[in-house]
>>> print(open('my_file-v7.tsv').read())   # TSV, C-alpha atoms and all ligand atoms
chain	number	residue	atom	x	y	z
A	1201	MET	CA	20.83	4.26	5.97
A	1202	GLY	CA	19.74	3.72	9.53
A	1203	ALA	CA	17.25	6.53	9.25
A	1204	GLU	CA	15.72	5.15	6.13
A	1205	ARG	CA	12.15	4.16	6.62
A	1206	GLU	CA	9.11	3.70	4.48
A	1207	THR	CA	5.91	5.55	4.22
A	1208	THR	CA	3.04	4.25	6.22
A	1209	ALA	CA	0.61	5.79	3.85
A	1210	ASP	CA	1.03	3.75	0.77
A	1211	ARG	CA	0.12	0.46	-0.55
A	1212	ASP	CA	3.58	0.73	-1.96
A	1213	THR	CA	5.21	0.62	1.41
A	1214	GLY	CA	8.27	-0.85	-0.09
A	1215	SER	CA	11.57	-1.19	1.52
A	1216	GLY	CA	14.79	0.50	0.86
A	1217	GLY	CA	17.43	-2.09	0.29
A	1218	GLU	CA	18.48	-3.99	-2.71
A	1219	SER	CA	16.59	-6.94	-3.89
A	1220	GLY	CA	18.27	-10.13	-4.51
A	1221	SER	CA	18.97	-12.59	-1.78
A	1222	GLU	CA	15.97	-14.88	-1.89
A	1223	PRO	CA	14.49	-17.03	-4.63
A	1224	ALA	CA	15.17	-16.52	-8.28
A	1225	GLY	CA	12.33	-16.16	-10.75
A	1226	PRO	CA	8.60	-16.18	-10.26
A	1227	MET	CA	7.10	-19.58	-9.90
A	1228	GLN	CA	5.46	-20.79	-13.05
A	1229	PRO	CA	1.90	-22.07	-13.11
A	1230	GLY	CA	1.72	-25.65	-11.93
A	1231	GLU	CA	5.18	-25.52	-10.44
A	1232	THR	CA	3.98	-25.08	-6.89
A	1233	THR	CA	5.10	-28.41	-5.59
A	1234	VAL	CA	8.65	-29.13	-4.46
A	1235	ASP	CA	9.96	-25.68	-3.62
A	1236	GLN	CA	6.73	-24.72	-2.03
A	1237	ALA	CA	6.57	-27.87	0.11
A	1238	VAL	CA	10.05	-27.06	1.41
A	1239	ARG	CA	9.01	-23.52	2.16
A	1240	LEU	CA	5.88	-24.70	3.94
A	1241	ALA	CA	7.97	-27.01	6.11
A	1242	GLY	CA	10.31	-24.11	6.88
A	1243	LEU	CA	7.43	-21.87	7.82
A	1244	LEU	CA	5.83	-24.43	10.12
A	1245	GLY	CA	9.25	-25.25	11.58
A	1246	ALA	CA	9.65	-21.63	12.62
A	1247	LEU	CA	6.79	-22.08	15.06
A	1248	GLU	CA	8.78	-24.53	17.16
A	1249	ASP	CA	6.55	-25.26	20.12
A	1250	THR	CA	4.66	-21.98	20.18
A	1251	THR	CA	0.91	-22.04	20.45
A	1252	ASP	CA	0.48	-18.35	19.80
A	1253	VAL	CA	1.25	-16.40	16.63
A	1254	PHE	CA	0.95	-12.65	16.32
A	1255	VAL	CA	0.41	-11.68	12.69
A	1256	LEU	CA	1.41	-8.08	12.04
A	1257	THR	CA	1.02	-6.16	8.77
A	1258	HIS	CA	2.41	-2.77	7.86
A	1259	ASP	CA	0.76	0.35	9.26
A	1260	ASN	CA	-2.34	1.65	7.50
A	1261	PRO	CA	-2.66	-1.69	5.73
A	1262	ASP	CA	-3.77	-2.02	2.13
A	1263	PRO	CA	-5.79	-4.90	0.66
A	1264	ASP	CA	-2.68	-6.97	-0.05
A	1265	ALA	CA	-1.57	-6.70	3.57
A	1266	ILE	CA	-5.04	-7.33	5.01
A	1267	ALA	CA	-5.75	-10.40	2.90
A	1268	SER	CA	-2.24	-11.80	3.33
A	1269	ALA	CA	-2.55	-11.54	7.10
A	1270	ALA	CA	-5.90	-13.30	7.00
A	1271	ALA	CA	-4.47	-16.06	4.82
A	1272	LEU	CA	-1.40	-16.62	6.97
A	1273	SER	CA	-3.55	-16.68	10.06
A	1274	PHE	CA	-5.84	-19.29	8.49
A	1275	LEU	CA	-2.88	-21.35	7.30
A	1276	LEU	CA	-1.18	-21.43	10.70
A	1277	ARG	CA	-4.38	-22.21	12.58
A	1278	GLU	CA	-5.28	-25.05	10.26
A	1279	ALA	CA	-1.85	-26.49	9.54
A	1280	ALA	CA	-0.24	-26.02	12.95
A	1281	GLY	CA	-3.15	-25.73	15.35
A	1282	VAL	CA	-1.88	-22.49	16.83
A	1283	SER	CA	-4.04	-19.57	17.85
A	1284	THR	CA	-3.46	-16.32	16.01
A	1285	THR	CA	-4.00	-12.62	16.56
A	1286	MET	CA	-3.92	-10.17	13.66
A	1287	ALA	CA	-2.87	-6.58	14.18
A	1288	PHE	CA	-1.63	-3.39	12.56
A	1289	GLY	CA	-0.66	0.15	13.50
A	1290	GLY	CA	-2.36	3.21	12.07
A	1291	ILE	CA	-5.78	3.09	10.50
A	1292	VAL	CA	-7.69	1.73	7.54
A	1293	GLY	CA	-9.18	4.79	5.88
A	1294	ARG	CA	-9.92	4.01	2.27
A	1295	ALA	CA	-13.54	3.00	1.74
A	1296	GLU	CA	-12.67	-0.08	-0.34
A	1297	ASN	CA	-10.27	-1.33	2.33
A	1298	ARG	CA	-12.84	-0.93	5.07
A	1299	ALA	CA	-15.33	-2.81	2.93
A	1300	LEU	CA	-12.76	-5.55	2.39
A	1301	ILE	CA	-12.36	-6.09	6.13
A	1302	ALA	CA	-16.13	-6.20	6.57
A	1303	GLU	CA	-16.63	-8.61	3.66
A	1304	ALA	CA	-13.78	-10.85	4.79
A	1305	GLY	CA	-15.27	-11.02	8.27
A	1306	VAL	CA	-11.85	-10.67	9.86
A	1307	SER	CA	-10.92	-8.62	12.85
A	1308	PHE	CA	-7.65	-6.89	13.57
A	1309	GLN	CA	-6.29	-5.50	16.81
A	1310	ARG	CA	-4.82	-2.03	16.80
A	1311	MET	CA	-1.21	-1.72	17.90
A	1312	GLY	CA	-1.05	0.65	20.81
A	1313	SER	CA	-4.13	-0.84	22.37
A	1314	ILE	CA	-2.62	-4.31	22.55
A	1315	GLU	CA	0.67	-5.83	23.67
A	1316	ILE	CA	2.33	-8.65	21.80
A	1317	PRO	CA	2.34	-11.61	24.20
A	1318	ALA	CA	5.86	-12.47	25.36
A	1319	GLY	CA	5.71	-16.08	24.18
A	1320	ALA	CA	4.13	-15.38	20.80
A	1321	VAL	CA	5.95	-15.78	17.51
A	1322	VAL	CA	5.61	-12.57	15.51
A	1323	ALA	CA	4.86	-13.03	11.81
A	1324	LEU	CA	5.26	-9.98	9.56
A	1325	VAL	CA	3.36	-9.95	6.29
A	1326	ASP	CA	3.73	-7.52	3.38
A	1327	THR	CA	6.48	-5.76	5.35
A	1328	GLN	CA	9.85	-6.50	6.93
A	1329	PRO	CA	11.59	-5.69	10.21
A	1330	ARG	CA	12.91	-2.16	10.77
A	1331	THR	CA	11.44	-0.70	7.62
A	1332	GLY	CA	9.70	1.99	9.64
A	1333	ASN	CA	6.34	1.19	8.11
A	1334	ASN	CA	5.24	-1.31	10.73
A	1335	SER	CA	4.73	-1.30	14.48
A	1336	LEU	CA	7.06	-4.14	15.40
A	1337	PRO	CA	8.43	-2.94	18.75
A	1338	GLU	CA	12.12	-2.04	18.98
A	1339	GLY	CA	14.12	-5.03	20.04
A	1340	ARG	CA	11.44	-7.55	19.17
A	1341	ILE	CA	12.62	-10.12	16.62
A	1342	ALA	CA	10.12	-11.40	14.07
A	1343	GLY	CA	10.03	-15.17	13.76
A	1344	ILE	CA	8.39	-15.18	10.35
A	1345	VAL	CA	8.53	-12.71	7.45
A	1346	ILE	CA	6.54	-13.10	4.22
A	1347	ASP	CA	6.78	-10.18	1.84
A	1348	HIS	CA	7.31	-9.07	-1.75
A	1349	HIS	CA	9.24	-5.83	-1.24
A	1350	PRO	CA	12.99	-5.68	-1.80
A	1351	VAL	CA	14.86	-7.70	0.82
A	1352	ARG	CA	16.10	-5.80	3.85
A	1353	PRO	CA	19.33	-6.81	5.58
A	1354	GLU	CA	17.48	-6.94	8.92
A	1355	THR	CA	15.27	-9.71	7.60
A	1356	ALA	CA	18.21	-12.10	7.82
A	1357	ALA	CA	17.72	-12.22	11.62
A	1358	THR	CA	14.34	-13.90	11.36
A	1359	THR	CA	13.89	-17.63	11.87
A	1360	PHE	CA	11.98	-17.98	8.62
A	1361	SER	CA	11.70	-15.47	5.82
A	1362	ASP	CA	10.24	-15.74	2.35
A	1363	VAL	CA	10.69	-12.51	0.41
A	1364	ARG	CA	9.90	-12.51	-3.29
A	1365	PRO	CA	10.36	-9.02	-4.77
A	1366	GLU	CA	9.45	-10.30	-8.23
A	1367	TYR	CA	5.89	-11.01	-7.08
A	1368	GLY	CA	3.25	-8.35	-7.57
A	1369	ALA	CA	1.48	-9.15	-4.32
A	1370	SER	CA	2.10	-10.88	-1.02
A	1371	CYS	CA	-1.30	-12.54	-1.44
A	1372	SER	CA	0.10	-14.54	-4.35
A	1373	ILE	CA	2.81	-15.96	-2.11
A	1374	LEU	CA	0.24	-16.92	0.51
A	1375	VAL	CA	-1.91	-18.68	-2.07
A	1376	GLU	CA	1.04	-20.96	-2.85
A	1377	TYR	CA	1.35	-21.84	0.83
A	1378	LEU	CA	-2.34	-22.65	1.09
A	1379	ARG	CA	-2.15	-24.87	-1.97
A	1380	ALA	CA	0.99	-26.62	-0.75
A	1381	ALA	CA	-0.75	-27.29	2.57
A	1382	GLY	CA	-3.81	-28.67	0.79
A	1383	LEU	CA	-5.97	-25.99	2.41
A	1384	GLU	CA	-8.90	-24.64	0.47
A	1385	PRO	CA	-9.69	-21.00	1.28
A	1386	ASP	CA	-13.35	-20.40	2.01
A	1387	ARG	CA	-15.30	-17.96	-0.16
A	1388	ALA	CA	-14.60	-14.94	2.01
A	1389	LEU	CA	-10.86	-15.58	2.14
A	1390	ALA	CA	-10.64	-16.36	-1.59
A	1391	THR	CA	-12.50	-13.10	-2.25
A	1392	ALA	CA	-10.14	-11.12	-0.04
A	1393	LEU	CA	-7.04	-12.66	-1.62
A	1394	PHE	CA	-8.36	-12.12	-5.12
A	1395	TYR	CA	-9.17	-8.49	-4.39
A	1396	GLY	CA	-5.80	-8.04	-2.68
A	1397	ILE	CA	-3.95	-9.11	-5.82
A	1398	GLN	CA	-6.11	-7.06	-8.18
A	1399	SER	CA	-5.83	-3.96	-6.05
A	1400	GLU	CA	-2.07	-4.23	-5.64
A	1401	THR	CA	-1.38	-4.91	-9.32
A	1402	MET	CA	-3.98	-2.58	-10.84
A	1403	ASP	CA	-5.95	-5.58	-12.08
A	1404	LEU	CA	-2.84	-7.49	-13.10
A	1405	GLY	CA	-1.48	-4.54	-15.06
A	1406	ARG	CA	1.26	-3.24	-12.77
A	1407	GLU	CA	4.36	-5.08	-11.59
A	1408	VAL	CA	2.68	-8.39	-12.16
A	1409	SER	CA	4.29	-11.85	-12.38
A	1410	ALA	CA	3.06	-15.16	-13.75
A	1411	ALA	CA	2.47	-16.22	-10.15
A	1412	ASP	CA	0.03	-13.35	-9.59
A	1413	VAL	CA	-1.95	-14.35	-12.66
A	1414	GLU	CA	-1.90	-18.00	-11.62
A	1415	ALA	CA	-3.07	-17.17	-8.10
A	1416	SER	CA	-5.86	-14.98	-9.50
A	1417	LEU	CA	-7.06	-17.77	-11.80
A	1418	TYR	CA	-7.08	-20.13	-8.85
A	1419	LEU	CA	-8.96	-17.72	-6.60
A	1420	TYR	CA	-11.61	-16.28	-8.88
A	1421	PRO	CA	-13.82	-19.39	-9.15
A	1422	ARG	CA	-13.63	-19.73	-5.37
A	1423	SER	CA	-14.55	-16.11	-4.70
A	1424	ASP	CA	-17.86	-14.31	-4.40
A	1425	PRO	CA	-18.27	-11.86	-7.32
A	1426	ALA	CA	-21.02	-9.94	-5.56
A	1427	SER	CA	-18.75	-9.46	-2.58
A	1428	ILE	CA	-15.92	-8.24	-4.85
A	1429	SER	CA	-18.37	-5.78	-6.35
A	1430	ARG	CA	-19.33	-4.47	-2.92
A	1431	ILE	CA	-15.65	-3.89	-2.13
A	1432	ARG	CA	-14.78	-2.28	-5.45
A	1433	HIS	CA	-17.80	-0.01	-5.37
A	1434	ALA	CA	-17.75	0.77	-1.68
A	1435	ARG	CA	-19.68	3.87	-0.69
A	1436	VAL	CA	-17.56	6.87	0.23
A	1437	PRO	CA	-18.28	9.68	2.67
A	1438	ALA	CA	-19.14	13.03	1.08
A	1439	SER	CA	-15.87	14.34	2.48
A	1440	TYR	CA	-14.07	12.13	0.00
A	1441	LEU	CA	-15.49	14.17	-2.86
A	1442	GLN	CA	-14.44	17.30	-1.02
A	1443	SER	CA	-10.88	15.93	-1.04
A	1444	VAL	CA	-11.12	15.11	-4.73
A	1445	HIS	CA	-12.38	18.63	-5.35
A	1446	GLU	CA	-9.43	20.06	-3.45
A	1447	ALA	CA	-7.03	17.81	-5.33
A	1448	LEU	CA	-8.41	18.92	-8.69
A	1449	GLU	CA	-7.91	22.54	-7.71
A	1450	ARG	CA	-4.42	22.04	-6.35
A	1451	ALA	CA	-3.04	19.77	-9.06
A	1452	ARG	CA	-0.52	21.17	-11.53
A	1453	GLY	CA	0.72	19.43	-14.63
A	1454	TYR	CA	4.26	19.79	-15.92
A	1455	GLY	CA	4.58	17.85	-19.14
A	1456	GLY	CA	3.71	14.28	-18.16
A	1457	VAL	CA	4.25	14.95	-14.46
A	1458	MET	CA	1.23	15.67	-12.26
A	1459	CYS	CA	1.97	17.31	-8.92
A	1460	VAL	CA	-0.74	17.26	-6.27
A	1461	PRO	CA	0.24	19.07	-3.07
A	1462	MET	CA	-2.64	18.49	-0.67
A	1463	GLY	CA	-3.15	20.05	2.74
A	1464	ARG	CA	-4.25	17.82	5.58
A	1465	LEU	CA	-5.42	14.35	4.65
A	1466	ASP	CA	-8.51	12.77	6.19
A	1467	TYR	CA	-6.66	9.45	6.32
A	1468	PRO	CA	-3.13	8.36	5.47
A	1469	ASP	CA	-3.68	6.46	2.23
A	1470	LEU	CA	-5.73	9.23	0.64
A	1471	GLY	CA	-2.64	10.59	-1.11
A	1472	ALA	CA	-2.01	7.25	-2.80
A	1473	GLU	CA	-5.65	7.10	-3.84
A	1474	LEU	CA	-5.46	10.56	-5.39
A	1475	ALA	CA	-2.19	9.81	-7.16
A	1476	ASP	CA	-3.87	6.76	-8.69
A	1477	MET	CA	-6.76	8.94	-9.80
A	1478	PHE	CA	-4.48	11.35	-11.65
A	1479	MET	CA	-2.72	8.46	-13.37
A	1480	ARG	CA	-5.91	8.06	-15.40
A	1481	VAL	CA	-5.43	11.42	-17.10
A	1482	ASP	CA	-4.27	11.34	-20.72
A	1483	GLY	CA	-0.58	11.98	-21.10
A	1484	VAL	CA	0.26	11.61	-17.42
A	1485	GLU	CA	3.35	9.46	-16.85
A	1486	TRP	CA	4.02	10.43	-13.25
A	1487	ALA	CA	1.75	11.45	-10.39
A	1488	ILE	CA	3.13	12.77	-7.14
A	1489	ALA	CA	0.80	13.59	-4.25
A	1490	SER	CA	1.68	14.96	-0.87
A	1491	GLY	CA	-0.39	15.58	2.23
A	1492	ARG	CA	-0.14	15.97	5.94
A	1493	TYR	CA	-1.44	13.37	8.36
A	1494	HIS	CA	-0.87	14.12	12.04
A	1495	ASP	CA	2.77	15.21	12.27
A	1496	ASP	CA	3.99	13.63	9.07
A	1497	LEU	CA	4.15	14.70	5.47
A	1498	LEU	CA	3.23	11.73	3.30
A	1499	LEU	CA	4.32	11.42	-0.32
A	1500	SER	CA	2.91	9.03	-2.89
A	1501	VAL	CA	4.52	8.53	-6.26
A	1502	ARG	CA	3.19	6.60	-9.25
A	1503	THR	CA	4.56	6.05	-12.73
A	1504	TYR	CA	3.78	4.01	-15.82
A	1505	GLN	CA	7.46	3.70	-16.62
A	1506	LEU	CA	8.31	0.15	-15.76
A	1507	GLU	CA	12.01	0.73	-15.26
A	1508	ALA	CA	11.61	4.07	-13.56
A	1509	HIS	CA	12.74	2.96	-10.10
A	1510	ALA	CA	10.23	5.22	-8.40
A	1511	GLY	CA	11.51	4.01	-5.02
A	1512	ASP	CA	15.06	5.16	-5.79
A	1513	LEU	CA	13.76	8.48	-7.08
A	1514	VAL	CA	11.82	9.15	-3.90
A	1515	ARG	CA	14.76	8.20	-1.71
A	1516	GLN	CA	16.98	10.51	-3.73
A	1517	VAL	CA	14.62	13.46	-3.29
A	1518	VAL	CA	13.76	12.84	0.35
A	1519	ARG	CA	17.31	11.99	1.44
A	1520	GLY	CA	17.90	12.68	5.13
A	1521	ARG	CA	14.57	14.43	5.57
A	1522	GLY	CA	12.52	11.31	6.16
A	1523	SER	CA	12.05	7.73	5.12
A	1524	ALA	CA	11.21	6.48	1.68
A	1525	GLY	CA	10.77	3.28	-0.22
A	1526	GLY	CA	8.85	1.46	-2.86
A	1527	HIS	CA	8.95	-0.60	-5.99
A	1528	GLY	CA	9.70	0.41	-9.56
A	1529	MET	CA	6.34	1.92	-10.45
A	1530	LEU	CA	5.06	3.07	-7.07
A	1531	ALA	CA	6.69	4.49	-4.02
A	1532	GLY	CA	6.11	6.61	-0.99
A	1533	ALA	CA	7.79	8.57	1.72
A	1534	GLN	CA	7.16	9.98	5.13
A	1535	LEU	CA	8.77	13.15	6.51
A	1536	PRO	CA	8.35	14.25	10.11
A	1537	LEU	CA	6.93	17.77	10.44
A	1538	LYS	CA	6.93	18.12	14.20
A	1539	GLY	CA	8.15	21.56	15.25
A	1540	LEU	CA	7.75	23.15	11.81
A	1541	SER	CA	5.53	26.19	11.34
A	1542	ASP	CA	2.88	26.17	8.64
A	1543	ALA	CA	5.09	28.42	6.53
A	1544	GLU	CA	8.02	26.03	6.93
A	1545	VAL	CA	5.84	23.10	5.93
A	1546	ASP	CA	4.74	24.96	2.80
A	1547	GLU	CA	8.35	25.70	2.01
A	1548	LEU	CA	9.33	22.06	2.46
A	1549	VAL	CA	6.51	20.89	0.20
A	1550	ALA	CA	7.41	23.45	-2.47
A	1551	SER	CA	11.06	22.42	-2.42
A	1552	LEU	CA	10.22	18.71	-2.61
A	1553	PHE	CA	8.05	19.19	-5.67
A	1554	GLU	CA	10.67	21.45	-7.20
A	1555	GLU	CA	13.26	18.70	-6.74
A	1556	PHE	CA	10.98	16.08	-8.24
A	1557	ARG	CA	10.50	18.30	-11.28
A	1558	VAL	CA	14.22	18.86	-11.64
A	1559	VAL	CA	14.99	15.15	-11.38
A	1560	LEU	CA	12.25	14.35	-13.89
A	1561	GLY	CA	13.40	17.15	-16.18
A	1562	VAL	CA	10.16	19.14	-16.39
A	1563	GLY	CA	9.31	22.82	-16.25
A	1564	GLY	CA	10.41	25.67	-14.12
A	1565	ASP	CA	7.11	27.36	-15.01
A	1566	GLU	CA	3.96	27.41	-12.93
A	1567	GLY	CA	2.51	24.34	-14.54
A	1568	ARG	CA	-0.95	23.99	-15.96
A	1569	SER	CA	-4.14	23.72	-13.95
A	1570	ILE	CA	-6.33	20.70	-14.33
A	1571	VAL	CA	-9.62	22.48	-13.79
A	1572	GLU	CA	-10.54	26.05	-14.56
A	1573	PRO	CA	-13.09	28.15	-12.72
A	1574	ARG	CA	-16.40	27.86	-14.52
A	1575	GLY	CA	-17.67	30.53	-16.90
A	1576	GLY	CA	-14.94	33.10	-17.50
A	1577	SER	CA	-17.55	35.88	-17.82
A	1578	GLY	CA	-18.95	35.31	-14.36
A	1579	ALA	CA	-22.06	33.68	-15.78
A	1580	GLY	CA	-21.92	30.85	-13.33
A	1581	PRO	CA	-25.03	29.16	-12.03
A	1582	GLU	CA	-25.04	31.32	-8.92
A	1583	SER	CA	-24.98	34.63	-10.76
A	1584	GLY	CA	-28.66	35.28	-10.25
A	1585	ALA	CA	-28.85	38.60	-12.05
A	1586	SER	CA	-32.41	38.04	-13.14
A	1587	GLY	CA	-35.27	38.30	-10.70
A	1588	SER	CA	-36.38	34.80	-9.86
A	1589	ALA	CA	-33.47	32.77	-8.46
A	1590	GLU	CA	-35.69	29.93	-7.36
A	1591	PRO	CA	-35.15	26.79	-9.34
A	1592	SER	CA	-38.39	25.54	-10.76
A	1593	GLU	CA	-38.56	21.82	-11.02
B	1	MN	MN	1.96	-5.65	-0.98
>>> encode(input="my_file-v7.tsv", output="structure tokens")
Amino acid sequence: MGAERETTADRDTGSGGESGSEPAGPMQPGETTVDQAVRLAGLLGALEDTTDVFVLTHDNPDPDAIASAAALSFLLREAAGVSTTMAFGGIVGRAENRALIAEAGVSFQRMGSIEIPAGAVVALVDTQPRTGNNSLPEGRIAGIVIDHHPVRPETAATTFSDVRPEYGASCSILVEYLRAAGLEPDRALATALFYGIQSETMDLGREVSAADVEASLYLYPRSDPASISRIRHARVPASYLQSVHEALERARGYGGVMCVPMGRLDYPDLGAELADMFMRVDGVEWAIASGRYHDDLLLSVRTYQLEAHAGDLVRQVVRGRGSAGGHGMLAGAQLPLKGLSDAEVDELVASLFEEFRVVLGVGGDEGRSIVEPRGGSGAGPESGASGSAEPSE
């Protein structure tokens, strides 16, 4: 249990433990008032007489984490007059997420290049202490935790925690705080929060609660549609298509299970992005992508099966070999590879996928390819048998 950690690669950086301590059901539309006022008072009370708050998200933050951090920062500055610093470990790789940061006009410090000031209250958003997917230093206690992953026992040590596993996005929790505080998000923040919820819930189609819908309806008229469009349709480097190409070649389907063992990843959340891509294929119920980033093997798992407990499945397969976590329909894991030879890494990857297939009850065969080499007869476009190979245009 102590070794259990979450992936840093996924938007689904969930936590291990059981859900269940904090609040009951999702808040219904219009019900924001009493409970939320109490929570707001608790949150502000956790600041005591600090003037400095250090807002930390999980490593390699996704849109939900980025926008939630920006919202909490805004809330604490406006409602408590404190100064805030936002930070994360790892990198933001995905084109949409980079665009989000640019559009939101927010700036984050990178852990490793900055120390948390001794007197600052640390606020964790979209993650919890000791999950392994954030850069909260050993021994440092978080004062504030706001998250929607299953509650971790370590979270009990914080001065103020608000963990709502039934919510689809942390952003939706933050929206309730802003509303309770009577703070109107500006256009850029409303845009970021709106996009954070849509991205995390697959446009309100995955692990969504009434609160996520309500928050989205509140945010959309306050957001900038053109800005959302620039985020959604962010330009990608050509190398992204190279990765997609590689993924298409490597992917194997076994019944409704798509396995995508990648080599090295250009950035940590690429595996999650590719798993999402394969979930669009007809008949696919599960997508599992793996890839190496630095000295870790990252796994991303997606399913359409609402009660599938993807997080439990990944923990079961990974066991003592790394850390794993997630929600019901999306999960991830991280396995250290340091010291392993390339052959040993290949072996590990093969055995992980084999175990996934066994647990999911699909094929011992070689699986089916997703793409076939063009033109079985060798009549590809480059087979310039005839004289003039020059294209005439
Ligand atoms: Mn989240």
>>> closest_residue(input="my_file-v7.tsv", among="A:Ser1361, A:Thr1391, A:Ser1372, A:Thr1251", to="ligand MN 1 (chain B)", atoms="all atoms listed in the file")
A:Ser1372
>>> residues_around(input="my_file-v7.tsv", residues="Tyr1440 of chain A", least_positions_apart="3", cutoff="12 Å", atoms="all atoms listed in the file", output="compact mmCIF listing (two decimals) with C-alpha atoms, in the frame of the given file")
# COMPACT_ATOMS: atom_id res chain seq x y z
CA GLY A 1293 -9.18 4.79 5.88
CA ARG A 1294 -9.92 4.01 2.27
CA ALA A 1295 -13.54 3.00 1.74
CA ARG A 1435 -19.68 3.87 -0.69
CA VAL A 1436 -17.56 6.87 0.23
CA PRO A 1437 -18.28 9.68 2.67
CA SER A 1443 -10.88 15.93 -1.04
CA VAL A 1444 -11.12 15.11 -4.73
CA HIS A 1445 -12.38 18.63 -5.35
CA GLU A 1446 -9.43 20.06 -3.45
CA ALA A 1447 -7.03 17.81 -5.33
CA LEU A 1465 -5.42 14.35 4.65
CA ASP A 1466 -8.51 12.77 6.19
CA TYR A 1467 -6.66 9.45 6.32
CA LEU A 1470 -5.73 9.23 0.64
CA GLY A 1471 -2.64 10.59 -1.11
CA GLU A 1473 -5.65 7.10 -3.84
CA LEU A 1474 -5.46 10.56 -5.39
>>> residues_around(input="my_file-v7.tsv", residues="Glu1384 of chain A", least_positions_apart="5", cutoff="10 Å", atoms="all atoms listed in the file", output="ChimeraX atom specification")
/A:1275,1375,1378-1379,1389-1390,1419,1422
>>> write_last_selection(input="my_file-v7.tsv", atoms="C-alpha atoms", output="compact mmCIF listing (two decimals), in the coordinates of the input")
# COMPACT_ATOMS: atom_id res chain seq x y z
CA LEU A 1275 -2.88 -21.35 7.30
CA VAL A 1375 -1.91 -18.68 -2.07
CA LEU A 1378 -2.34 -22.65 1.09
CA ARG A 1379 -2.15 -24.87 -1.97
CA LEU A 1389 -10.86 -15.58 2.14
CA ALA A 1390 -10.64 -16.36 -1.59
CA LEU A 1419 -8.96 -17.72 -6.60
CA ARG A 1422 -13.63 -19.73 -5.37
>>> closest_residue(input="my_file-v7.tsv", among="A:Arg1340, A:Arg1502, A:Arg1432, A:His1258", to="ligand MN 1 (chain B)", atoms="all atoms listed in the file")
A:His1258
>>> closest_residue(input="my_file-v7.tsv", among="A:Ala1237, A:Ile1301, A:Ala1531, A:Ala1323", to="ligand MN 1 (chain B)", atoms="only C-alpha atoms and all ligand atoms")
A:Ala1531
>>> residues_near_point(input="my_file-v7.tsv", point="(-3.1, -11.3, 9.8)", cutoff="7 Å", atoms="all atoms listed in the file", output="ChimeraX atom specification")
/A:1255-1257,1266,1268-1270,1272-1273,1285-1287
>>> closest_residue(input="my_file-v7.tsv", among="A:Gln1534, A:Ser1370, A:Asn1334, A:Gln1516", to="ligand MN 1 (chain B)", atoms="only C-alpha atoms and all ligand atoms")
A:Ser1370
>>> residues_near_ligand(input="my_file-v7.tsv", ligand="ligand MN 1 (chain B)", cutoff="10 Å", atoms="all atoms listed in the file", output="ChimeraX atom specification")
/A:1210-1214,1257-1258,1261-1268,1325-1327,1347-1349,1365,1367-1372,1396-1397,1399-1401,1527
>>> residues_around(input="my_file-v7.tsv", residues="Phe1553 of chain A", least_positions_apart="4", cutoff="12 Å", atoms="all atoms listed in the file", output="NGL selection string")
:A and (1451-1454 or 1457-1462 or 1487-1490 or 1499-1501 or 1514 or 1517-1518 or 1546-1549 or 1557-1564 or 1566-1567)
>>> closest_residue(input="my_file-v7.tsv", among="A:Ile1373, A:Leu1276, A:Leu1324, A:Val1571", to="Gln1236 of chain A", atoms="all atoms listed in the file")
A:Ile1373
>>> atom_distance(input="my_file-v7.tsv", atom1="atom CA of Asp1496 of chain A", atom2="atom CA of Pro1536 of chain A")
4.5 Å
>>> atom_distance(input="my_file-v7.tsv", atom1="atom CA of Gly1526 of chain A", atom2="atom CA of Phe1254 of chain A")
25.1 Å
>>> atom_distance(input="my_file-v7.tsv", atom1="atom CA of Arg1521 of chain A", atom2="atom CA of Phe1288 of chain A")
25.1 Å
>>> axis_aligned_box(input="my_file-v7.tsv", around="segment 1320-1324 of chain A", padding_each_side="3 Å", output="lines of an AutoDock Vina configuration file")
center_x = 5.0
center_y = -12.9
center_z = 15.2
size_x = 7.8
size_y = 11.8
size_z = 17.2
>>> closest_residue(input="my_file-v7.tsv", among="A:His1433, A:Arg1310, A:Arg1298, A:Arg1568", to="Leu1448 of chain A", atoms="only C-alpha atoms")
A:Arg1568
